[in-house]
>>> print(open('run22.pdb').read())   # PDB, C-alpha atoms and all ligand atoms
ATOM      1  CA  MET A   1       2.591 179.668 179.526  1.00  0.00           C
ATOM      2  CA  LEU A   2      -0.061 180.693 182.031  1.00  0.00           C
ATOM      3  CA  ASP A   3       0.759 177.574 184.068  1.00  0.00           C
ATOM      4  CA  ASN A   4       4.417 178.612 184.201  1.00  0.00           C
ATOM      5  CA  LEU A   5       3.447 182.106 185.292  1.00  0.00           C
ATOM      6  CA  HIS A   6       1.156 180.702 187.997  1.00  0.00           C
ATOM      7  CA  ALA A   7       3.970 178.450 189.234  1.00  0.00           C
ATOM      8  CA  GLN A   8       6.176 181.550 189.533  1.00  0.00           C
ATOM      9  CA  ILE A   9       3.455 183.361 191.481  1.00  0.00           C
ATOM     10  CA  THR A  10       3.107 180.526 193.996  1.00  0.00           C
ATOM     11  CA  THR A  11       6.830 180.732 194.833  1.00  0.00           C
ATOM     12  CA  CYS A  12       7.251 184.514 194.499  1.00  0.00           C
ATOM     13  CA  THR A  13       9.358 186.336 197.107  1.00  0.00           C
ATOM     14  CA  ASN A  14       9.388 189.774 195.428  1.00  0.00           C
ATOM     15  CA  CYS A  15       7.748 191.571 198.378  1.00  0.00           C
ATOM     16  CA  SER A  16       7.391 190.998 202.109  1.00  0.00           C
ATOM     17  CA  LEU A  17       3.805 189.680 201.828  1.00  0.00           C
ATOM     18  CA  HIS A  18       5.279 186.273 200.949  1.00  0.00           C
ATOM     19  CA  LYS A  19       6.603 185.904 204.512  1.00  0.00           C
ATOM     20  CA  LEU A  20       3.104 185.802 205.991  1.00  0.00           C
ATOM     21  CA  ARG A  21       1.267 183.805 203.376  1.00  0.00           C
ATOM     22  CA  THR A  22       0.031 180.219 203.505  1.00  0.00           C
ATOM     23  CA  ASN A  23      -0.629 180.232 199.757  1.00  0.00           C
ATOM     24  CA  ALA A  24      -0.281 182.757 196.982  1.00  0.00           C
ATOM     25  CA  VAL A  25      -3.443 182.987 194.866  1.00  0.00           C
ATOM     26  CA  PRO A  26      -2.756 183.204 191.112  1.00  0.00           C
ATOM     27  CA  GLY A  27      -6.410 182.947 190.055  1.00  0.00           C
ATOM     28  CA  GLU A  28      -8.727 180.350 188.554  1.00  0.00           C
ATOM     29  CA  GLY A  29     -11.387 179.753 185.923  1.00  0.00           C
ATOM     30  CA  ASN A  30     -11.306 179.635 182.147  1.00  0.00           C
ATOM     31  CA  PRO A  31      -8.387 181.704 180.815  1.00  0.00           C
ATOM     32  CA  LYS A  32      -9.795 181.376 177.275  1.00  0.00           C
ATOM     33  CA  SER A  33     -13.221 182.769 178.183  1.00  0.00           C
ATOM     34  CA  GLY A  34     -12.261 186.321 177.221  1.00  0.00           C
ATOM     35  CA  ILE A  35     -13.618 187.564 180.563  1.00  0.00           C
ATOM     36  CA  VAL A  36     -11.440 188.434 183.537  1.00  0.00           C
ATOM     37  CA  ILE A  37     -12.833 189.515 186.918  1.00  0.00           C
ATOM     38  CA  ILE A  38     -10.256 191.244 189.132  1.00  0.00           C
ATOM     39  CA  GLY A  39     -10.437 191.854 192.886  1.00  0.00           C
ATOM     40  CA  GLU A  40      -8.008 193.496 195.294  1.00  0.00           C
ATOM     41  CA  ALA A  41      -6.043 190.798 197.153  1.00  0.00           C
ATOM     42  CA  PRO A  42      -6.689 187.449 198.865  1.00  0.00           C
ATOM     43  CA  GLY A  43      -8.290 187.418 202.309  1.00  0.00           C
ATOM     44  CA  HIS A  44      -8.091 184.750 205.030  1.00  0.00           C
ATOM     45  CA  TRP A  45      -9.872 181.893 203.240  1.00  0.00           C
ATOM     46  CA  GLU A  46      -8.232 182.620 199.911  1.00  0.00           C
ATOM     47  CA  ASP A  47      -4.829 182.439 201.632  1.00  0.00           C
ATOM     48  CA  VAL A  48      -5.801 179.113 203.244  1.00  0.00           C
ATOM     49  CA  GLN A  49      -7.120 177.548 200.020  1.00  0.00           C
ATOM     50  CA  GLY A  50      -4.941 179.239 197.383  1.00  0.00           C
ATOM     51  CA  LYS A  51      -8.093 180.155 195.425  1.00  0.00           C
ATOM     52  CA  PRO A  52      -9.620 183.569 194.731  1.00  0.00           C
ATOM     53  CA  PHE A  53     -12.920 184.698 196.244  1.00  0.00           C
ATOM     54  CA  VAL A  54     -13.790 181.669 198.360  1.00  0.00           C
ATOM     55  CA  GLY A  55     -14.744 183.558 201.556  1.00  0.00           C
ATOM     56  CA  ARG A  56     -17.886 185.643 202.219  1.00  0.00           C
ATOM     57  CA  SER A  57     -17.232 188.018 199.309  1.00  0.00           C
ATOM     58  CA  GLY A  58     -16.633 185.024 197.077  1.00  0.00           C
ATOM     59  CA  LYS A  59     -19.944 183.412 198.032  1.00  0.00           C
ATOM     60  CA  LEU A  60     -21.713 186.626 197.030  1.00  0.00           C
ATOM     61  CA  LEU A  61     -19.725 186.774 193.783  1.00  0.00           C
ATOM     62  CA  ASP A  62     -20.681 183.142 192.988  1.00  0.00           C
ATOM     63  CA  LYS A  63     -24.341 183.800 193.779  1.00  0.00           C
ATOM     64  CA  THR A  64     -24.383 186.912 191.590  1.00  0.00           C
ATOM     65  CA  LEU A  65     -22.670 185.104 188.690  1.00  0.00           C
ATOM     66  CA  ASN A  66     -25.162 182.222 189.078  1.00  0.00           C
ATOM     67  CA  GLY A  67     -28.004 184.751 188.996  1.00  0.00           C
ATOM     68  CA  VAL A  68     -27.167 185.541 185.348  1.00  0.00           C
ATOM     69  CA  GLY A  69     -26.382 181.942 184.367  1.00  0.00           C
ATOM     70  CA  LEU A  70     -22.601 182.206 184.788  1.00  0.00           C
ATOM     71  CA  ASP A  71     -20.169 180.563 187.174  1.00  0.00           C
ATOM     72  CA  ARG A  72     -16.450 180.663 187.872  1.00  0.00           C
ATOM     73  CA  THR A  73     -15.657 178.069 185.194  1.00  0.00           C
ATOM     74  CA  LYS A  74     -16.981 180.485 182.524  1.00  0.00           C
ATOM     75  CA  VAL A  75     -14.771 183.438 183.485  1.00  0.00           C
ATOM     76  CA  PHE A  76     -11.288 183.894 184.934  1.00  0.00           C
ATOM     77  CA  ILE A  77     -11.112 185.328 188.475  1.00  0.00           C
ATOM     78  CA  THR A  78      -7.985 186.855 189.969  1.00  0.00           C
ATOM     79  CA  ASN A  79      -6.678 189.774 192.044  1.00  0.00           C
ATOM     80  CA  ILE A  80      -4.263 192.652 191.530  1.00  0.00           C
ATOM     81  CA  VAL A  81      -2.130 191.455 194.479  1.00  0.00           C
ATOM     82  CA  LYS A  82      -1.612 187.701 194.806  1.00  0.00           C
ATOM     83  CA  CYS A  83      -0.746 187.353 198.519  1.00  0.00           C
ATOM     84  CA  ARG A  84      -2.865 188.310 201.532  1.00  0.00           C
ATOM     85  CA  PRO A  85      -1.974 191.620 203.205  1.00  0.00           C
ATOM     86  CA  PRO A  86      -1.998 191.321 207.036  1.00  0.00           C
ATOM     87  CA  GLU A  87      -5.415 192.013 208.632  1.00  0.00           C
ATOM     88  CA  ASN A  88      -6.789 192.317 205.070  1.00  0.00           C
ATOM     89  CA  ARG A  89      -5.474 195.888 204.861  1.00  0.00           C
ATOM     90  CA  ARG A  90      -5.385 197.534 201.456  1.00  0.00           C
ATOM     91  CA  PRO A  91      -2.195 196.573 199.608  1.00  0.00           C
ATOM     92  CA  SER A  92       0.413 199.360 199.684  1.00  0.00           C
ATOM     93  CA  LYS A  93       1.507 201.234 196.547  1.00  0.00           C
ATOM     94  CA  ASP A  94       4.819 199.352 196.597  1.00  0.00           C
ATOM     95  CA  GLU A  95       3.159 195.944 196.976  1.00  0.00           C
ATOM     96  CA  THR A  96       0.721 196.730 194.174  1.00  0.00           C
ATOM     97  CA  GLU A  97       3.491 198.028 191.920  1.00  0.00           C
ATOM     98  CA  THR A  98       5.724 195.006 192.592  1.00  0.00           C
ATOM     99  CA  CYS A  99       2.940 192.467 192.113  1.00  0.00           C
ATOM    100  CA  SER A 100       1.488 194.120 189.015  1.00  0.00           C
ATOM    101  CA  THR A 101       4.055 192.334 186.861  1.00  0.00           C
ATOM    102  CA  TYR A 102       1.848 189.247 187.329  1.00  0.00           C
ATOM    103  CA  ILE A 103      -1.553 190.739 186.492  1.00  0.00           C
ATOM    104  CA  ASN A 104       0.077 192.478 183.504  1.00  0.00           C
ATOM    105  CA  GLN A 105       1.457 189.168 182.227  1.00  0.00           C
ATOM    106  CA  GLN A 106      -1.833 187.372 182.898  1.00  0.00           C
ATOM    107  CA  LEU A 107      -3.729 189.982 180.875  1.00  0.00           C
ATOM    108  CA  GLU A 108      -1.201 189.733 178.041  1.00  0.00           C
ATOM    109  CA  LEU A 109      -1.506 185.942 177.936  1.00  0.00           C
ATOM    110  CA  MET A 110      -5.299 185.846 178.226  1.00  0.00           C
ATOM    111  CA  ALA A 111      -6.012 188.905 176.043  1.00  0.00           C
ATOM    112  CA  PRO A 112      -9.560 189.267 177.434  1.00  0.00           C
ATOM    113  CA  ARG A 113     -12.388 191.082 175.596  1.00  0.00           C
ATOM    114  CA  VAL A 114     -13.992 192.137 178.867  1.00  0.00           C
ATOM    115  CA  ILE A 115     -12.442 192.992 182.234  1.00  0.00           C
ATOM    116  CA  MET A 116     -14.577 193.572 185.312  1.00  0.00           C
ATOM    117  CA  PRO A 117     -12.604 195.245 188.119  1.00  0.00           C
ATOM    118  CA  LEU A 118     -14.289 194.910 191.531  1.00  0.00           C
ATOM    119  CA  GLY A 119     -13.929 197.930 193.816  1.00  0.00           C
ATOM    120  CA  ASN A 120     -11.461 200.782 194.077  1.00  0.00           C
ATOM    121  CA  THR A 121      -8.110 198.998 194.180  1.00  0.00           C
ATOM    122  CA  ALA A 122      -8.680 197.011 190.983  1.00  0.00           C
ATOM    123  CA  GLY A 123     -10.588 199.856 189.314  1.00  0.00           C
ATOM    124  CA  GLU A 124      -7.939 202.468 190.016  1.00  0.00           C
ATOM    125  CA  TRP A 125      -5.139 200.202 188.878  1.00  0.00           C
ATOM    126  CA  LEU A 126      -6.853 199.159 185.663  1.00  0.00           C
ATOM    127  CA  PHE A 127      -7.973 202.674 184.743  1.00  0.00           C
ATOM    128  CA  LYS A 128      -4.431 203.969 185.208  1.00  0.00           C
ATOM    129  CA  LYS A 129      -3.085 201.156 183.026  1.00  0.00           C
ATOM    130  CA  TYR A 130      -5.384 202.207 180.181  1.00  0.00           C
ATOM    131  CA  GLY A 131      -4.949 205.973 180.672  1.00  0.00           C
ATOM    132  CA  LEU A 132      -8.432 206.566 182.128  1.00  0.00           C
ATOM    133  CA  ASP A 133      -9.454 208.636 185.159  1.00  0.00           C
ATOM    134  CA  TRP A 134     -10.990 206.524 187.921  1.00  0.00           C
ATOM    135  CA  PRO A 135     -14.253 208.172 189.030  1.00  0.00           C
ATOM    136  CA  GLY A 136     -14.595 206.071 192.218  1.00  0.00           C
ATOM    137  CA  ALA A 137     -16.426 202.775 192.664  1.00  0.00           C
ATOM    138  CA  THR A 138     -19.876 204.299 193.136  1.00  0.00           C
ATOM    139  CA  LYS A 139     -19.830 206.278 189.887  1.00  0.00           C
ATOM    140  CA  ALA A 140     -17.991 203.582 187.956  1.00  0.00           C
ATOM    141  CA  ASN A 141     -20.351 200.716 188.889  1.00  0.00           C
ATOM    142  CA  GLY A 142     -22.054 199.625 185.666  1.00  0.00           C
ATOM    143  CA  GLN A 143     -20.457 202.248 183.379  1.00  0.00           C
ATOM    144  CA  SER A 144     -18.751 200.486 180.502  1.00  0.00           C
ATOM    145  CA  TYR A 145     -15.558 201.862 178.976  1.00  0.00           C
ATOM    146  CA  GLU A 146     -14.085 200.822 175.617  1.00  0.00           C
ATOM    147  CA  VAL A 147     -10.339 200.935 175.067  1.00  0.00           C
ATOM    148  CA  SER A 148      -8.148 199.882 172.153  1.00  0.00           C
ATOM    149  CA  THR A 149      -5.305 197.516 172.945  1.00  0.00           C
ATOM    150  CA  LEU A 150      -2.696 195.646 170.907  1.00  0.00           C
ATOM    151  CA  PHE A 151      -5.117 192.694 171.006  1.00  0.00           C
ATOM    152  CA  GLY A 152      -8.168 194.631 169.793  1.00  0.00           C
ATOM    153  CA  LYS A 153     -11.105 196.241 171.517  1.00  0.00           C
ATOM    154  CA  LEU A 154     -11.444 195.797 175.261  1.00  0.00           C
ATOM    155  CA  THR A 155     -14.497 196.590 177.375  1.00  0.00           C
ATOM    156  CA  ILE A 156     -13.883 197.548 180.984  1.00  0.00           C
ATOM    157  CA  LEU A 157     -17.004 197.076 183.089  1.00  0.00           C
ATOM    158  CA  PRO A 158     -16.392 198.049 186.733  1.00  0.00           C
ATOM    159  CA  ALA A 159     -18.569 196.853 189.605  1.00  0.00           C
ATOM    160  CA  PHE A 160     -18.622 197.415 193.354  1.00  0.00           C
ATOM    161  CA  HIS A 161     -16.463 195.059 195.384  1.00  0.00           C
ATOM    162  CA  PRO A 162     -18.739 192.348 196.879  1.00  0.00           C
ATOM    163  CA  ALA A 163     -17.397 193.265 200.353  1.00  0.00           C
ATOM    164  CA  ALA A 164     -18.939 196.715 199.836  1.00  0.00           C
ATOM    165  CA  ILE A 165     -22.297 195.054 199.100  1.00  0.00           C
ATOM    166  CA  LEU A 166     -22.006 192.927 202.246  1.00  0.00           C
ATOM    167  CA  ARG A 167     -21.451 196.152 204.225  1.00  0.00           C
ATOM    168  CA  ASN A 168     -24.164 198.050 202.376  1.00  0.00           C
ATOM    169  CA  PRO A 169     -26.802 195.627 201.001  1.00  0.00           C
ATOM    170  CA  ASN A 170     -28.995 198.403 199.599  1.00  0.00           C
ATOM    171  CA  ARG A 171     -26.590 198.504 196.647  1.00  0.00           C
ATOM    172  CA  THR A 172     -27.322 194.862 195.789  1.00  0.00           C
ATOM    173  CA  GLU A 173     -29.535 195.603 192.770  1.00  0.00           C
ATOM    174  CA  ASP A 174     -26.991 198.020 191.272  1.00  0.00           C
ATOM    175  CA  PHE A 175     -24.321 195.353 191.728  1.00  0.00           C
ATOM    176  CA  GLN A 176     -26.461 192.595 190.168  1.00  0.00           C
ATOM    177  CA  ALA A 177     -27.304 194.833 187.204  1.00  0.00           C
ATOM    178  CA  VAL A 178     -23.622 194.945 186.208  1.00  0.00           C
ATOM    179  CA  PHE A 179     -23.594 191.146 185.928  1.00  0.00           C
ATOM    180  CA  THR A 180     -26.632 191.315 183.652  1.00  0.00           C
ATOM    181  CA  GLN A 181     -24.593 193.737 181.502  1.00  0.00           C
ATOM    182  CA  LEU A 182     -21.647 191.332 181.610  1.00  0.00           C
ATOM    183  CA  LYS A 183     -23.828 188.435 180.458  1.00  0.00           C
ATOM    184  CA  ALA A 184     -25.112 190.549 177.557  1.00  0.00           C
ATOM    185  CA  LEU A 185     -21.537 191.174 176.391  1.00  0.00           C
ATOM    186  CA  ILE A 186     -20.742 187.475 176.078  1.00  0.00           C
TER
HETATM  187  N1  LIG A 201     -11.458 190.001 198.210  1.00  0.00           N
HETATM  188  C1  LIG A 201     -10.716 190.174 197.095  1.00  0.00           C
HETATM  189  O1  LIG A 201     -10.528 191.295 196.623  1.00  0.00           O
HETATM  190  N2  LIG A 201     -10.214 189.098 196.529  1.00  0.00           N
HETATM  191  C2  LIG A 201     -10.398 187.858 196.969  1.00  0.00           C
HETATM  192  O2  LIG A 201      -9.885 186.918 196.367  1.00  0.00           O
HETATM  193  C3  LIG A 201     -11.187 187.707 198.134  1.00  0.00           C
HETATM  194  C4  LIG A 201     -11.702 188.794 198.737  1.00  0.00           C
END
>>> encode(input="run22.pdb", output="structure tokens", more="lines below")
Ligand code: URA
Amino acid sequence: MLDNLHAQITTCTNCSLHKLRTNAVPGEGNPKSGIVIIGEAPGHWEDVQGKPFVGRSGKLLDKTLNGVGLDRTKVFITNIVKCRPPENRRPSKDETETCSTYINQQLELMAPRVIMPLGNTAGEWLFKKYGLDWPGATKANGQSYEVSTLFGKLTILPAFHPAAILRNPNRTEDFQAVFTQLKALI
């Protein structure tokens, strides 16, 4: 089922981002892990490789996961928007809305126990989906939220986007602490 969905994503033409892409990026990792990490949209290297978080932000994400004894085979990593926006701009409302059919279906199929949205785009989208008010990435980092879904209890554990940590390394410890929390939930 997830494979079929990912095949659809790789050939999607629902919005104009498909015209500029090298590869769509459905996501990767263990869909049965119960843990889904969600970023904003692919950047340059993700577009080239068709894999999520393989550029500079991805290296920091890998290092931070490794720091708590996790890696990308023990979680599932994806993005709200599956194709790279030009110049890595923030995806538009329309692009996000159009593409959200895919993240919605992925979440239904994987039925995770824990979702970690990285940064404002993923945080805002996810909070809206579950009827919560998004307090902004700085306040949300490390605050866990419990929601009830058709599949049972879900914990939402937001963290800064790794790109924000690369720009502002003095938030590194706050960012790492959220991964310690994530590890404790597993
Ligand atoms: N930034 C994201 O939000 N997602 C990626 O896959 C890479 C960088």
>>> residues_around(input="run22.pdb", residues="range 62-65 of chain A", least_positions_apart="5", cutoff="9 Å", atoms="only C-alpha atoms", output="list of chain:residue names")
A:Phe53, A:Val54, A:Ser57, A:Leu70, A:Asp71, A:Arg72, A:Phe175, A:Gln176, A:Phe179, A:Thr180, A:Lys183
>>> residues_near_ligand(input="run22.pdb", ligand="ligand LIG 201 (chain A)", cutoff="6 Å", atoms="all atoms listed in the file", output="JSON, numbers by chain")
{"A": [39, 40, 41, 42, 43, 46, 52, 53, 57, 79]}
>>> atom_distance(input="run22.pdb", atom1="CA of Lys93 in chain A", atom2="CA of Trp134 in chain A")
16.1 Å
>>> resolve_selection(input="run22.pdb", expression="the PyMOL selection byres (((chain A and resi 77) around 10) and not hetatm)", output="short mmCIF file (atom, residue, chain, number, x, y, z; two decimals) with C-alpha atoms, in the coordinates of the input")
data_model
loop_
_atom_site.label_atom_id
_atom_site.label_comp_id
_atom_site.auth_asym_id
_atom_site.auth_seq_id
_atom_site.Cartn_x
_atom_site.Cartn_y
_atom_site.Cartn_z
CA PRO A 26 -2.76 183.20 191.11
CA GLY A 27 -6.41 182.95 190.06
CA GLU A 28 -8.73 180.35 188.55
CA GLY A 29 -11.39 179.75 185.92
CA ASN A 30 -11.31 179.64 182.15
CA PRO A 31 -8.39 181.70 180.82
CA ILE A 35 -13.62 187.56 180.56
CA VAL A 36 -11.44 188.43 183.54
CA ILE A 37 -12.83 189.52 186.92
CA ILE A 38 -10.26 191.24 189.13
CA GLY A 39 -10.44 191.85 192.89
CA LYS A 51 -8.09 180.16 195.42
CA PRO A 52 -9.62 183.57 194.73
CA PHE A 53 -12.92 184.70 196.24
CA ARG A 72 -16.45 180.66 187.87
CA THR A 73 -15.66 178.07 185.19
CA LYS A 74 -16.98 180.48 182.52
CA VAL A 75 -14.77 183.44 183.48
CA PHE A 76 -11.29 183.89 184.93
CA THR A 78 -7.98 186.86 189.97
CA ASN A 79 -6.68 189.77 192.04
CA ILE A 115 -12.44 192.99 182.23
CA MET A 116 -14.58 193.57 185.31
#
>>> closest_residue(input="run22.pdb", among="A:Lys128, A:Lys82, A:Arg171, A:Arg113", to="Ala159 in chain A", atoms="all atoms listed in the file")
A:Arg171
>>> closest_residue(input="run22.pdb", among="A:Lys139, A:Asn170, A:Gly34, A:Ser100", to="Lys153 in chain A", atoms="only C-alpha atoms")
A:Gly34
>>> closest_residue(input="run22.pdb", among="A:Asn4, A:Ile103, A:Ser33, A:Asp47", to="Asn88 in chain A", atoms="all atoms listed in the file")
A:Asp47
>>> closest_residue(input="run22.pdb", among="A:Gly119, A:Pro162, A:Pro169, A:Gly131", to="Ser148 in chain A", atoms="all atoms listed in the file")
A:Gly131
>>> atom_distance(input="run22.pdb", atom1="CA of Met110 in chain A", atom2="CA of Lys19 in chain A")
28.9 Å
>>> atom_distance(input="run22.pdb", atom1="CA of Gly152 in chain A", atom2="CA of Pro135 in chain A")
24.3 Å
>>> closest_residue(input="run22.pdb", among="A:Val68, A:Leu20, A:Leu107, A:Ala7", to="Phe151 in chain A", atoms="all atoms listed in the file")
A:Leu107
>>> closest_residue(input="run22.pdb", among="A:Tyr102, A:Leu2, A:Gly67, A:Thr121", to="Glu173 in chain A", atoms="only C-alpha atoms")
A:Gly67
>>> resolve_selection(input="run22.pdb", expression="the PyMOL selection byres (((chain A and resi 98) around 12) and not hetatm)", output="PyMOL selection string")
chain A and resi 9+12-17+80-83+91-97+99-104
